[in-house]
>>> print(open('work_39.pdb').read())   # PDB, C-alpha atoms (C1' of nucleotides)
ATOM      1  CA  MET J  13      80.716 -91.650  33.027
ATOM      2  CA  GLN J  14      80.367 -88.837  30.594
ATOM      3  CA  ILE J  15      80.842 -85.145  30.640
ATOM      4  CA  THR J  16      77.431 -83.529  30.587
ATOM      5  CA  ARG J  17      75.945 -81.851  27.606
ATOM      6  CA  GLN J  18      76.240 -78.626  29.527
ATOM      7  CA  SER J  19      79.985 -79.108  29.708
ATOM      8  CA  GLU J  20      80.044 -79.589  25.999
ATOM      9  CA  TYR J  21      78.034 -76.433  25.541
ATOM     10  CA  ALA J  22      80.533 -74.648  27.728
ATOM     11  CA  ILE J  23      83.442 -75.918  25.686
ATOM     12  CA  ARG J  24      81.846 -74.820  22.459
ATOM     13  CA  THR J  25      81.085 -71.466  24.022
ATOM     14  CA  VAL J  26      84.602 -70.700  25.137
ATOM     15  CA  LEU J  27      85.929 -71.858  21.798
ATOM     16  CA  GLU J  28      83.570 -69.477  20.087
ATOM     17  CA  LEU J  29      84.810 -66.707  22.343
ATOM     18  CA  ALA J  30      88.406 -67.651  21.731
ATOM     19  CA  LYS J  31      87.857 -67.349  18.011
ATOM     20  CA  ALA J  32      86.518 -63.816  18.315
ATOM     21  CA  PRO J  33      88.823 -60.794  18.433
ATOM     22  CA  VAL J  34      90.349 -60.329  21.866
ATOM     23  CA  GLY J  35      88.060 -58.539  24.268
ATOM     24  CA  GLU J  36      85.065 -58.562  21.941
ATOM     25  CA  LEU J  37      81.741 -59.203  23.562
ATOM     26  CA  LEU J  38      79.508 -61.856  22.070
ATOM     27  CA  SER J  39      75.909 -61.992  23.162
ATOM     28  CA  ALA J  40      74.401 -65.155  24.531
ATOM     29  CA  ARG J  41      71.913 -65.031  21.713
ATOM     30  CA  PHE J  42      74.625 -64.912  19.099
ATOM     31  CA  ILE J  43      76.479 -67.814  20.646
ATOM     32  CA  SER J  44      73.304 -69.800  21.039
ATOM     33  CA  GLU J  45      72.588 -69.384  17.350
ATOM     34  CA  GLN J  46      76.098 -70.141  16.219
ATOM     35  CA  GLN J  47      76.386 -73.219  18.365
ATOM     36  CA  GLU J  48      72.776 -74.317  18.435
ATOM     37  CA  ILE J  49      72.481 -74.171  22.171
ATOM     38  CA  PRO J  50      69.177 -73.257  23.848
ATOM     39  CA  GLU J  51      69.612 -69.626  24.794
ATOM     40  CA  ASP J  52      68.302 -69.681  28.346
ATOM     41  CA  PHE J  53      70.246 -72.757  29.164
ATOM     42  CA  LEU J  54      73.325 -71.184  27.686
ATOM     43  CA  LYS J  55      72.918 -68.180  29.942
ATOM     44  CA  LYS J  56      73.091 -70.371  32.977
ATOM     45  CA  THR J  57      76.060 -72.128  31.561
ATOM     46  CA  ILE J  58      77.766 -68.808  31.023
ATOM     47  CA  LYS J  59      77.020 -67.902  34.608
ATOM     48  CA  LEU J  60      78.995 -70.912  35.744
ATOM     49  CA  LEU J  61      81.883 -69.830  33.593
ATOM     50  CA  VAL J  62      81.691 -66.416  35.219
ATOM     51  CA  LEU J  63      81.800 -67.933  38.672
ATOM     52  CA  ALA J  64      84.862 -69.876  37.624
ATOM     53  CA  ASP J  65      86.521 -66.666  36.503
ATOM     54  CA  LEU J  66      86.926 -67.790  32.964
ATOM     55  CA  VAL J  67      84.714 -65.191  31.346
ATOM     56  CA  ALA J  68      83.163 -61.852  32.219
ATOM     57  CA  THR J  69      79.788 -60.537  31.178
ATOM     58  CA  GLN J  70      78.429 -57.129  30.554
ATOM     59  CA  ARG J  71      74.778 -56.176  30.655
ATOM     60  CA  GLY J  72      72.850 -53.786  28.525
ATOM     61  CA  THR J  73      72.782 -52.978  24.864
ATOM     62  CA  ASN J  74      75.793 -54.420  23.117
ATOM     63  CA  GLY J  75      76.587 -56.375  26.234
ATOM     64  CA  GLY J  76      77.710 -59.957  26.114
ATOM     65  CA  VAL J  77      80.453 -62.290  27.175
ATOM     66  CA  ARG J  78      84.186 -62.324  26.732
ATOM     67  CA  LEU J  79      87.099 -64.385  27.922
ATOM     68  CA  ILE J  80      89.109 -62.902  30.735
ATOM     69  CA  LYS J  81      92.094 -65.130  30.196
ATOM     70  CA  SER J  82      94.111 -65.925  27.183
ATOM     71  CA  PRO J  83      93.001 -69.013  25.274
ATOM     72  CA  ARG J  84      96.423 -70.346  26.110
ATOM     73  CA  GLU J  85      95.617 -70.245  29.796
ATOM     74  CA  ILE J  86      92.255 -71.939  29.672
ATOM     75  CA  THR J  87      92.160 -75.703  29.512
ATOM     76  CA  LEU J  88      89.393 -78.190  28.976
ATOM     77  CA  LEU J  89      89.828 -79.179  32.580
ATOM     78  CA  ASP J  90      89.086 -75.624  33.642
ATOM     79  CA  VAL J  91      85.937 -75.585  31.599
ATOM     80  CA  VAL J  92      84.633 -78.957  32.674
ATOM     81  CA  THR J  93      85.427 -78.221  36.285
ATOM     82  CA  ALA J  94      83.658 -74.893  36.031
ATOM     83  CA  ILE J  95      80.498 -76.682  35.000
ATOM     84  CA  GLU J  96      80.603 -79.932  36.899
ATOM     85  CA  GLY J  97      82.720 -79.090  39.882
ATOM     86  CA  PRO J  98      85.834 -81.016  40.774
ATOM     87  CA  LEU J  99      86.205 -84.320  39.006
ATOM     88  CA  ALA J 100      85.251 -87.298  41.125
ATOM     89  CA  LEU J 101      85.270 -90.664  39.438
ATOM     90  CA  ASN J 102      83.485 -92.034  42.433
ATOM     91  CA  VAL J 103      81.648 -90.474  45.341
ATOM     92  CA  CYS J 104      84.430 -91.634  47.575
ATOM     93  CA  LEU J 105      86.764 -89.264  45.753
ATOM     94  CA  ALA J 106      84.578 -86.225  46.078
ATOM     95  CA  PRO J 107      85.977 -83.530  48.314
ATOM     96  CA  GLY J 108      84.382 -83.745  51.715
ATOM     97  CA  TYR J 109      83.056 -87.249  51.373
ATOM     98  CA  GLY J 110      83.848 -89.140  54.523
ATOM     99  CA  CYS J 111      84.591 -92.721  53.608
ATOM    100  CA  PRO J 112      85.998 -94.381  56.688
ATOM    101  CA  ASN J 113      88.476 -96.390  54.636
ATOM    102  CA  GLN J 114      89.826 -93.652  52.486
ATOM    103  CA  PRO J 115      92.602 -93.174  51.600
ATOM    104  CA  SER J 116      93.853 -96.609  52.540
ATOM    105  CA  CYS J 117      91.185 -98.208  50.367
ATOM    106  CA  PRO J 118      93.025 -99.650  47.398
ATOM    107  CA  VAL J 119      90.096 -99.194  45.064
ATOM    108  CA  SER J 120      89.800 -95.519  45.756
ATOM    109  CA  ARG J 121      93.534 -95.176  45.285
ATOM    110  CA  ILE J 122      93.281 -96.648  41.830
ATOM    111  CA  LEU J 123      90.277 -94.602  40.895
ATOM    112  CA  ALA J 124      92.125 -91.538  42.074
ATOM    113  CA  ARG J 125      95.030 -92.473  39.866
ATOM    114  CA  ALA J 126      92.805 -92.997  36.841
ATOM    115  CA  GLN J 127      91.100 -89.746  37.530
ATOM    116  CA  LYS J 128      94.377 -87.938  37.757
ATOM    117  CA  ALA J 129      95.536 -89.390  34.467
ATOM    118  CA  MET J 130      92.416 -88.102  32.810
ATOM    119  CA  ALA J 131      92.596 -84.727  34.511
ATOM    120  CA  ASP J 132      96.203 -84.337  33.446
ATOM    121  CA  GLU J 133      95.275 -84.802  29.821
ATOM    122  CA  LEU J 134      92.403 -82.378  30.052
ATOM    123  CA  GLY J 135      94.612 -79.930  31.867
ATOM    124  CA  LYS J 136      97.158 -80.046  29.103
ATOM    125  CA  ALA J 137      94.747 -79.030  26.387
ATOM    126  CA  SER J 138      94.312 -75.283  26.136
ATOM    127  CA  LEU J 139      91.792 -73.532  23.963
ATOM    128  CA  ALA J 140      94.690 -72.220  21.929
ATOM    129  CA  ASP J 141      95.905 -75.750  21.293
ATOM    130  CA  ILE J 142      92.475 -76.753  20.180
ATOM    131  CA  LEU J 143      92.061 -73.857  17.817
ATOM    132  CA  ASN J 144      95.466 -74.528  16.329
ATOM    133  CA  GLY J 145      94.272 -77.943  15.364
ATOM    134  CA  GLU J 146      96.401 -79.066  18.281
ATOM    135  CA  LYS J 147      99.725 -80.660  17.578
TER     136      LYS J 147
ATOM    137  CA  MET Z   5      81.318 -87.932  35.335
ATOM    138  CA  GLN Z   6      81.250 -90.735  37.821
ATOM    139  CA  ILE Z   7      81.134 -94.440  37.720
ATOM    140  CA  THR Z   8      77.675 -95.543  38.753
ATOM    141  CA  ARG Z   9      76.851 -97.040  42.063
ATOM    142  CA  GLN Z  10      76.129-100.231  40.214
ATOM    143  CA  SER Z  11      79.702-100.303  38.993
ATOM    144  CA  GLU Z  12      80.863 -99.895  42.521
ATOM    145  CA  TYR Z  13      78.622-102.750  43.596
ATOM    146  CA  ALA Z  14      80.134-104.829  40.856
ATOM    147  CA  ILE Z  15      83.651-104.027  41.968
ATOM    148  CA  ARG Z  16      82.874-104.941  45.542
ATOM    149  CA  THR Z  17      81.239-108.115  44.333
ATOM    150  CA  VAL Z  18      84.172-109.372  42.321
ATOM    151  CA  LEU Z  19      86.527-108.462  45.122
ATOM    152  CA  GLU Z  20      84.410-110.504  47.478
ATOM    153  CA  LEU Z  21      84.571-113.380  45.045
ATOM    154  CA  ALA Z  22      88.297-112.974  44.606
ATOM    155  CA  LYS Z  23      88.785-113.248  48.345
ATOM    156  CA  ALA Z  24      86.927-116.547  48.496
ATOM    157  CA  PRO Z  25      88.668-119.849  47.818
ATOM    158  CA  VAL Z  26      89.097-120.482  44.102
ATOM    159  CA  GLY Z  27      85.973-121.871  42.495
ATOM    160  CA  GLU Z  28      83.818-121.468  45.560
ATOM    161  CA  LEU Z  29      80.282-120.340  44.935
ATOM    162  CA  LEU Z  30      78.946-117.416  46.919
ATOM    163  CA  SER Z  31      75.226-116.771  46.850
ATOM    164  CA  ALA Z  32      73.858-113.407  45.868
ATOM    165  CA  ARG Z  33      72.268-113.210  49.256
ATOM    166  CA  PHE Z  34      75.536-113.741  51.018
ATOM    167  CA  ILE Z  35      77.284-111.114  48.956
ATOM    168  CA  SER Z  36      74.437-108.691  49.411
ATOM    169  CA  GLU Z  37      74.728-109.060  53.159
ATOM    170  CA  GLN Z  38      78.491-108.820  53.254
ATOM    171  CA  GLN Z  39      78.601-105.799  51.045
ATOM    172  CA  GLU Z  40      75.297-104.199  51.945
ATOM    173  CA  ILE Z  41      73.960-104.231  48.431
ATOM    174  CA  PRO Z  42      70.209-104.621  47.769
ATOM    175  CA  GLU Z  43      69.827-108.248  46.829
ATOM    176  CA  ASP Z  44      67.617-107.937  43.785
ATOM    177  CA  PHE Z  45      69.698-105.169  42.393
ATOM    178  CA  LEU Z  46      72.801-107.190  42.988
ATOM    179  CA  LYS Z  47      71.349-110.045  41.015
ATOM    180  CA  LYS Z  48      71.015-107.830  37.983
ATOM    181  CA  THR Z  49      74.486-106.614  38.486
ATOM    182  CA  ILE Z  50      75.742-110.157  38.608
ATOM    183  CA  LYS Z  51      73.929-110.885  35.398
ATOM    184  CA  LEU Z  52      75.915-108.178  33.679
ATOM    185  CA  LEU Z  53      79.101-109.704  34.976
ATOM    186  CA  VAL Z  54      77.968-113.027  33.564
ATOM    187  CA  LEU Z  55      77.332-111.485  30.175
ATOM    188  CA  ALA Z  56      80.813-110.034  30.267
ATOM    189  CA  ASP Z  57      82.262-113.459  30.983
ATOM    190  CA  LEU Z  58      83.771-112.463  34.248
ATOM    191  CA  VAL Z  59      81.752-114.753  36.462
ATOM    192  CA  ALA Z  60      79.581-117.818  36.174
ATOM    193  CA  THR Z  61      76.479-118.643  38.132
ATOM    194  CA  GLN Z  62      74.872-121.827  39.237
ATOM    195  CA  ARG Z  63      71.280-122.262  40.233
ATOM    196  CA  GLY Z  64      69.720-124.372  42.889
ATOM    197  CA  THR Z  65      70.643-125.313  46.396
ATOM    198  CA  ASN Z  66      74.161-124.216  47.197
ATOM    199  CA  GLY Z  67      74.291-122.384  43.941
ATOM    200  CA  GLY Z  68      75.833-119.005  43.584
ATOM    201  CA  VAL Z  69      78.464-117.053  41.746
ATOM    202  CA  ARG Z  70      82.143-117.565  41.105
ATOM    203  CA  LEU Z  71      84.871-115.929  39.104
ATOM    204  CA  ILE Z  72      85.776-117.656  35.890
ATOM    205  CA  LYS Z  73      89.067-115.893  35.520
ATOM    206  CA  SER Z  74      91.950-115.447  37.840
ATOM    207  CA  PRO Z  75      91.865-112.262  39.896
ATOM    208  CA  ARG Z  76      95.074-111.416  38.109
ATOM    209  CA  GLU Z  77      93.264-111.356  34.805
ATOM    210  CA  ILE Z  78      90.336-109.175  35.806
ATOM    211  CA  THR Z  79      90.849-105.451  35.894
ATOM    212  CA  LEU Z  80      88.722-102.602  37.122
ATOM    213  CA  LEU Z  81      88.278-101.617  33.515
ATOM    214  CA  ASP Z  82      86.760-105.023  32.786
ATOM    215  CA  VAL Z  83      84.318-104.630  35.611
ATOM    216  CA  VAL Z  84      83.276-101.097  34.866
ATOM    217  CA  THR Z  85      82.919-101.876  31.193
ATOM    218  CA  ALA Z  86      80.813-104.909  32.002
ATOM    219  CA  ILE Z  87      78.362-102.700  33.839
ATOM    220  CA  GLU Z  88      78.401 -99.469  31.902
ATOM    221  CA  GLY Z  89      79.458-100.528  28.474
ATOM    222  CA  PRO Z  90      82.455 -99.075  26.697
ATOM    223  CA  LEU Z  91      83.773 -95.889  28.205
ATOM    224  CA  ALA Z  92      82.747 -92.748  26.366
ATOM    225  CA  LEU Z  93      83.715 -89.447  27.936
ATOM    226  CA  ASN Z  94      81.389 -87.783  25.518
ATOM    227  CA  VAL Z  95      78.612 -88.993  23.265
ATOM    228  CA  CYS Z  96      80.794 -88.200  20.316
ATOM    229  CA  LEU Z  97      83.185 -90.919  21.465
ATOM    230  CA  ALA Z  98      80.570 -93.604  21.824
ATOM    231  CA  PRO Z  99      80.892 -96.423  19.329
ATOM    232  CA  GLY Z 100      78.444 -95.901  16.512
ATOM    233  CA  TYR Z 101      77.802 -92.238  17.156
ATOM    234  CA  GLY Z 102      77.946 -90.420  13.871
ATOM    235  CA  CYS Z 103      79.426 -86.987  14.467
ATOM    236  CA  PRO Z 104      80.145 -85.479  11.107
ATOM    237  CA  ASN Z 105      83.371 -83.914  12.342
ATOM    238  CA  GLN Z 106      84.830 -86.845  14.085
ATOM    239  CA  PRO Z 107      87.680 -87.766  14.171
ATOM    240  CA  SER Z 108      89.085 -84.531  12.854
ATOM    241  CA  CYS Z 109      87.404 -82.579  15.647
ATOM    242  CA  PRO Z 110      90.201 -81.511  17.978
ATOM    243  CA  VAL Z 111      87.997 -81.576  21.028
ATOM    244  CA  SER Z 112      86.983 -85.156  20.516
ATOM    245  CA  ARG Z 113      90.610 -86.023  19.949
ATOM    246  CA  ILE Z 114      91.549 -84.628  23.311
ATOM    247  CA  LEU Z 115      88.651 -86.241  25.069
ATOM    248  CA  ALA Z 116      89.633 -89.498  23.492
ATOM    249  CA  ARG Z 117      93.134 -89.076  24.795
ATOM    250  CA  ALA Z 118      91.945 -88.283  28.285
ATOM    251  CA  GLN Z 119      89.654 -91.245  28.164
ATOM    252  CA  LYS Z 120      92.439 -93.514  27.091
ATOM    253  CA  ALA Z 121      94.673 -92.310  29.889
ATOM    254  CA  MET Z 122      91.970 -93.167  32.372
ATOM    255  CA  ALA Z 123      91.175 -96.483  30.776
ATOM    256  CA  ASP Z 124      94.829 -97.431  30.804
ATOM    257  CA  GLU Z 125      95.030 -96.896  34.523
ATOM    258  CA  LEU Z 126      91.884 -98.868  35.157
ATOM    259  CA  GLY Z 127      93.118-101.589  32.855
ATOM    260  CA  LYS Z 128      96.331-101.907  34.799
ATOM    261  CA  ALA Z 129      94.643-102.579  38.083
ATOM    262  CA  SER Z 130      93.763-106.227  38.554
ATOM    263  CA  LEU Z 131      91.727-107.638  41.384
ATOM    264  CA  ALA Z 132      94.857-109.394  42.561
ATOM    265  CA  ASP Z 133      96.689-106.088  42.749
ATOM    266  CA  ILE Z 134      93.895-104.610  44.751
ATOM    267  CA  LEU Z 135      93.744-107.453  47.208
ATOM    268  CA  ASN Z 136      97.496-107.311  47.672
ATOM    269  CA  GLY Z 137      97.111-103.767  48.829
ATOM    270  CA  GLU Z 138      98.498-102.945  45.431
ATOM    271  CA  LYS Z 139     102.080-101.844  45.123
TER     272      LYS Z 139
ATOM    273  C1'  DG U  27      62.905 -39.986  30.409
ATOM    274  C1'  DA U  28      61.414 -43.790  27.634
ATOM    275  C1'  DC U  29      62.605 -47.652  25.376
ATOM    276  C1'  DA U  30      65.237 -51.550  23.828
ATOM    277  C1'  DA U  31      68.962 -54.794  24.446
ATOM    278  C1'  DA U  32      71.145 -57.766  27.187
ATOM    279  C1'  DG U  33      72.473 -60.492  31.395
ATOM    280  C1'  DA U  34      70.632 -62.388  36.308
ATOM    281  C1'  DG U  35      67.938 -65.321  38.710
ATOM    282  C1'  DG U  36      64.115 -68.070  40.284
ATOM    283  C1'  DA U  37      60.502 -71.412  39.383
ATOM    284  C1'  DT U  38      59.024 -75.084  37.051
ATOM    285  C1'  DA U  39      58.546 -78.628  33.567
ATOM    286  C1'  DA U  40      60.208 -82.315  30.697
ATOM    287  C1'  DT U  41      63.390 -86.106  30.094
ATOM    288  C1'  DA U  42      66.659 -89.334  31.019
ATOM    289  C1'  DT U  43      69.237 -92.070  33.960
ATOM    290  C1'  DT U  44      69.978 -94.640  37.989
ATOM    291  C1'  DA U  45      68.525 -97.268  41.693
ATOM    292  C1'  DG U  46      65.571-100.168  43.815
ATOM    293  C1'  DT U  47      61.487-103.415  44.341
ATOM    294  C1'  DC U  48      58.273-107.123  43.259
ATOM    295  C1'  DC U  49      56.794-111.236  41.487
ATOM    296  C1'  DA U  50      56.262-115.314  38.699
ATOM    297  C1'  DC U  51      59.323-118.688  36.840
ATOM    298  C1'  DA U  52      63.149-122.132  35.892
ATOM    299  C1'  DA U  53      66.904-124.961  37.338
ATOM    300  C1'  DA U  54      69.310-127.741  40.683
ATOM    301  C1'  DC U  55      69.406-130.594  44.300
ATOM    302  C1'  DA U  56      68.137-133.185  48.516
TER     303       DA U  56
ATOM    304  C1'  DT I   1      58.057-132.925  46.300
ATOM    305  C1'  DG I   2      59.723-129.002  48.039
ATOM    306  C1'  DT I   3      63.434-125.771  49.040
ATOM    307  C1'  DT I   4      67.141-123.081  47.459
ATOM    308  C1'  DT I   5      68.917-120.095  44.268
ATOM    309  C1'  DG I   6      69.440-117.654  39.875
ATOM    310  C1'  DT I   7      66.441-115.467  35.632
ATOM    311  C1'  DG I   8      63.637-112.165  33.593
ATOM    312  C1'  DG I   9      60.323-108.774  33.195
ATOM    313  C1'  DA I  10      57.506-105.122  34.814
ATOM    314  C1'  DC I  11      57.184-101.527  37.513
ATOM    315  C1'  DT I  12      58.219 -97.769  40.765
ATOM    316  C1'  DA I  13      60.986 -94.341  42.957
ATOM    317  C1'  DA I  14      64.611 -91.243  43.236
ATOM    318  C1'  DT I  15      67.776 -88.254  41.212
ATOM    319  C1'  DA I  16      70.097 -85.714  37.742
ATOM    320  C1'  DT I  17      70.047 -83.424  33.553
ATOM    321  C1'  DT I  18      68.227 -80.490  30.173
ATOM    322  C1'  DA I  19      65.060 -77.125  28.798
ATOM    323  C1'  DT I  20      61.630 -73.403  29.189
ATOM    324  C1'  DC I  21      59.304 -69.373  31.094
ATOM    325  C1'  DC I  22      58.906 -65.206  33.370
ATOM    326  C1'  DT I  23      60.295 -61.270  35.929
ATOM    327  C1'  DC I  24      63.898 -58.226  37.216
ATOM    328  C1'  DT I  25      68.127 -55.353  36.774
ATOM    329  C1'  DT I  26      71.595 -53.056  34.254
ATOM    330  C1'  DT I  27      73.219 -50.457  30.399
ATOM    331  C1'  DG I  28      73.136 -47.897  26.373
ATOM    332  C1'  DT I  29      70.559 -45.135  22.902
ATOM    333  C1'  DC I  30      67.190 -42.014  21.092
TER     334       DC I  30
END
>>> encode(input="work_39.pdb", output="structure tokens")
Amino acid sequence: MQITRQSEYAIRTVLELAKAPVGELLSARFISEQQEIPEDFLKKTIKLLVLADLVATQRGTNGGVRLIKSPREITLLDVVTAIEGPLALNVCLAPGYGCPNQPSCPVSRILARAQKAMADELGKASLADILNGEK
Amino acid sequence: MQITRQSEYAIRTVLELAKAPVGELLSARFISEQQEIPEDFLKKTIKLLVLADLVATQRGTNGGVRLIKSPREITLLDVVTAIEGPLALNVCLAPGYGCPNQPSCPVSRILARAQKAMADELGKASLADILNGEK
DNA sequence: GACAAAGAGGATAATATTAGTCCACAAACA
DNA sequence: TGTTTGTGGACTAATATTATCCTCTTTGTC
């Protein structure tokens, strides 16, 4: 019941990007050194962020990664979801899982509620909030 | 970011126990058949519930397992914690983990908040609530 | 055009976690 | 005494996570 290390890498990555001047490209190598993240693994992590439309990449000399949304518009929920897919506290809550009892099953209802409470908190925290020391 | 299958087994187990007449012993075999849980694995699961003081066991003929608290006093949080240990959305939130930045780190603060929101929901849901279809 | 810098992507390995199985043993009871 | 039932440990299997390696493509620069 933890976010994966890859999610943490992703969070540190977008924070690093959010700290840089708007629109500036940071290379995967640079980020990997700053944040002590294995470079090749970071690249894959970045790819997931691209697929989630949180960042864009550019190849070639002086290429790199940049945010494509304002730090105010990106939340921890966005980042974690980009890496791990939709939250699902239990298999029975995963999209497309066909539990015959759902949604009448009282356990799944409670898990869904707990999950929503957590997601709401993560969805409230933007990168900007975090960088501002967060009120 | 899921509860483990073992936690789910544990939940189903205590619910089964909560449905039975107060104080009645159910054997691991019986529960494993009712709930389709591998028997030997269930036994280990039960042991964790014992260690968490949620159930008591009795050996020998007609032995088995029973709750030692009222279903009103046992919450999903109790059960999940019994199996998985204290919740920790991230390593940095695990008891005893020495992150140099904690607790000033804004990310860990948010994760902690999200975790608490989830834990609160799980801690509100008692077995009795669940069996009553939960309001 | 050649070369270097970077991301893309696939394959595979290394670890860690989770789940499940097996078996000898101890306690309770008839 | 022997059967039922939990205990405990070792072990295996399955899966997920994390990490590494290598080749390819794109882009910019000389």
>>> resolve_selection(input="work_39.pdb", expression="the PyMOL selection byres ((chain J) within 12 of (chain I))", output="MDAnalysis selection string")
chainID J and resid 15:19 21 49:57 69:76 96
>>> atom_distance(input="work_39.pdb", atom1="atom CA of Z:Leu53", atom2="atom CA of Z:Ala123")
18.4 Å
>>> interface_residues(input="work_39.pdb", of="chain Z", to="chain J", cutoff="8 Å", atoms="all atoms listed in the file", output="number ranges by chain")
Z: 5-8, 91-95, 110-111, 114-115, 117-126, 129, 134-135, 137-138
>>> write_last_selection(input="work_39.pdb", atoms="C-alpha atoms", output="compact mmCIF listing (two decimals), keeping the file's coordinate frame")
# COMPACT_ATOMS: atom_id res chain seq x y z
CA MET Z 5 81.32 -87.93 35.34
CA GLN Z 6 81.25 -90.74 37.82
CA ILE Z 7 81.13 -94.44 37.72
CA THR Z 8 77.68 -95.54 38.75
CA LEU Z 91 83.77 -95.89 28.20
CA ALA Z 92 82.75 -92.75 26.37
CA LEU Z 93 83.72 -89.45 27.94
CA ASN Z 94 81.39 -87.78 25.52
CA VAL Z 95 78.61 -88.99 23.26
CA PRO Z 110 90.20 -81.51 17.98
CA VAL Z 111 88.00 -81.58 21.03
CA ILE Z 114 91.55 -84.63 23.31
CA LEU Z 115 88.65 -86.24 25.07
CA ARG Z 117 93.13 -89.08 24.80
CA ALA Z 118 91.94 -88.28 28.28
CA GLN Z 119 89.65 -91.24 28.16
CA LYS Z 120 92.44 -93.51 27.09
CA ALA Z 121 94.67 -92.31 29.89
CA MET Z 122 91.97 -93.17 32.37
CA ALA Z 123 91.18 -96.48 30.78
CA ASP Z 124 94.83 -97.43 30.80
CA GLU Z 125 95.03 -96.90 34.52
CA LEU Z 126 91.88 -98.87 35.16
CA ALA Z 129 94.64 -102.58 38.08
CA ILE Z 134 93.90 -104.61 44.75
CA LEU Z 135 93.74 -107.45 47.21
CA GLY Z 137 97.11 -103.77 48.83
CA GLU Z 138 98.50 -102.94 45.43
>>> resolve_selection(input="work_39.pdb", expression="the PyMOL selection byres ((chain J and resi 47) around 9)", output="list in words")
Tyr21, Arg24, Thr25, Glu28, Phe42, Ile43, Ser44, Glu45, Gln46, Glu48 and Ile49 of chain J
>>> atom_distance(input="work_39.pdb", atom1="atom C1' of U:DT47", atom2="atom CA of Z:Ala56")
24.8 Å
>>> closest_atom_pairs(input="work_39.pdb", of="chain U", to="chain J", cutoff="9 Å", atoms="all atoms listed in the file", output="JSON lines")
{"residue": "U:DA30", "atom": "C1'", "partner": "J:Thr73", "partner_atom": "CA", "distance": 7.7}
{"residue": "U:DA31", "atom": "C1'", "partner": "J:Thr73", "partner_atom": "CA", "distance": 4.3}
{"residue": "U:DA32", "atom": "C1'", "partner": "J:Gly72", "partner_atom": "CA", "distance": 4.5}
{"residue": "U:DG33", "atom": "C1'", "partner": "J:Arg71", "partner_atom": "CA", "distance": 4.9}
{"residue": "U:DA34", "atom": "C1'", "partner": "J:Lys59", "partner_atom": "CA", "distance": 8.6}
>>> atom_distance(input="work_39.pdb", atom1="atom CA of Z:Lys23", atom2="atom CA of Z:Ala86")
20.0 Å
>>> axis_aligned_box(input="work_39.pdb", around="stretch 138-142 of chain J", padding_each_side="4 Å", output="AutoDock Vina command-line options")
--center_x 93.8 --center_y -74.5 --center_z 23.2 --size_x 12.1 --size_y 12.5 --size_z 14.0
>>> resolve_selection(input="work_39.pdb", expression="the PyMOL selection byres ((chain J and resi 80) around 9)", output="PyMOL selection string")
chain J and resi 35+65-68+78-79+81-82
